[in-house]
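Novice: One structure is given below, represented as structure tokens, and several questions about it will come after.
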Amino acid sequence: MELDLDESSMAIGRIERALSRIEKALTARANRPTVAVAAPAADQSALKAEVAAVIGELDRLIAEADRG
Amino acid sequence: MADVKLTIAGRPYDLHCADGQESHLLQLAAVVDEKAREMPGGTEVRQLLVAALMLADAAQEAKGKIERSEPQSDSLRAAVALAESREAAARDELGAALKELETMRRAPAPSFSPSNNRALLQIAERIETLAAKVEQLP
């Protein structure tokens with residue numbers, strides 16, 4: 001399915017809302033008095049890798065948009 | 001030339017003036033006559049003297065009023081000039097803004113390439129998944 005401008009805006013809105021959810025979850029986690037159970041190391045690595053991959057993909061898109 | 005008969009302080013005078021100026025001359029004579037009659041009982045010369053003095057006084061007062069109002073007129077003129085220059089500047093800015101708006105209106109709408117759109121959608125989905133994972137962190 002090809003997106004038009006409005007659908008692109010909706011995708012950006014989804015990204016903004018998801019980032020807001022992440023920020024909220026991380027803030028709540030940091031404000032907790034103690035972390036009862038730490039996430040397994042493998043899960044944490046996978047999460048970090050996914051974050052790095054998404055950031056890389058965003059960088060690529062931004063660079064492409066800058067080139068017009 | 002026109003012949004005009006005037007009567008001032010009871011004495012008739014025959015005068016000449018430019019054609020068309022008769023009524024103006026009669027009007028001036030009426031003013032002098034009125035002033036002369038404000039000093040009844042005196043000699044004709046004295047009546048004319050008083051009339052001349054009163055008219056000179058009125059002329060001097062009028063001149064003073066004009067001189068006193070000149071600075072005010074200057075500031076009004078300056079204010080008008082300032083307002084006019086501001087109006088011109090605002091008109092120029094409005095014109096430029098309208099021109100820019102027209103250029104923007106004529107410009108083609110930005111288009112996203114299909115591959116970028118797909119990538120954007122995929123990123124949205126990946127970040128949503130990340131958000132769900134972060135929310136489930138212990």
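Following the order of the structure tokens, first chain is A, next is B, and so on, with residues numbered from 1 inside each chain and ligands from 1 in the order they appear.
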Residues of chain B near chain A: apply a cut-off of 10 Å, count only C-alpha atoms, and supply the list as number ranges by chain.

Specialist: B: 109-138

Novice: Running DSSP on the backbone, which parts of chain B land in strand (DSSP E or B), as an NGL selection string?

Specialist: :B and (2-8 or 11-17)

Novice: For CA of Leu55 in chain B and CA of Val31 in chain B, quote the distance in Å rounded to one decimal.

Specialist: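 Atom-to-atom, CA of Leu55 in chain B and CA of Val31 in chain B are spaced 8.9 Å apart.
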
Novice: Where in chain B does DSSP assign alpha helix (DSSP H), given as a PyMOL selection string?

Specialist: chain B and resi 22-36+44-106+114-135

Novice: What gap, in Å, lies between CA of Ala56 in chain B and CA of His16 in chain B?

Specialist: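 Here the two named atoms are 23.7 Å from each other.
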
Novice: Using only C-alpha atoms for the distances, tell me which of B:Met54, B:Leu82, B:Ala2, B:Leu94 is nearest to Lys35 in chain B.

Specialist: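 Of the candidates, the smallest distance to Lys35 in chain B is held by B:Met54.
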
Novice: For CA of Arg105 in chain B and CA of Arg91 in chain B, quote the distance in Å rounded to one decimal.

Specialist: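 Separation of CA of Arg105 in chain B and CA of Arg91 in chain B: 20.6 Å.
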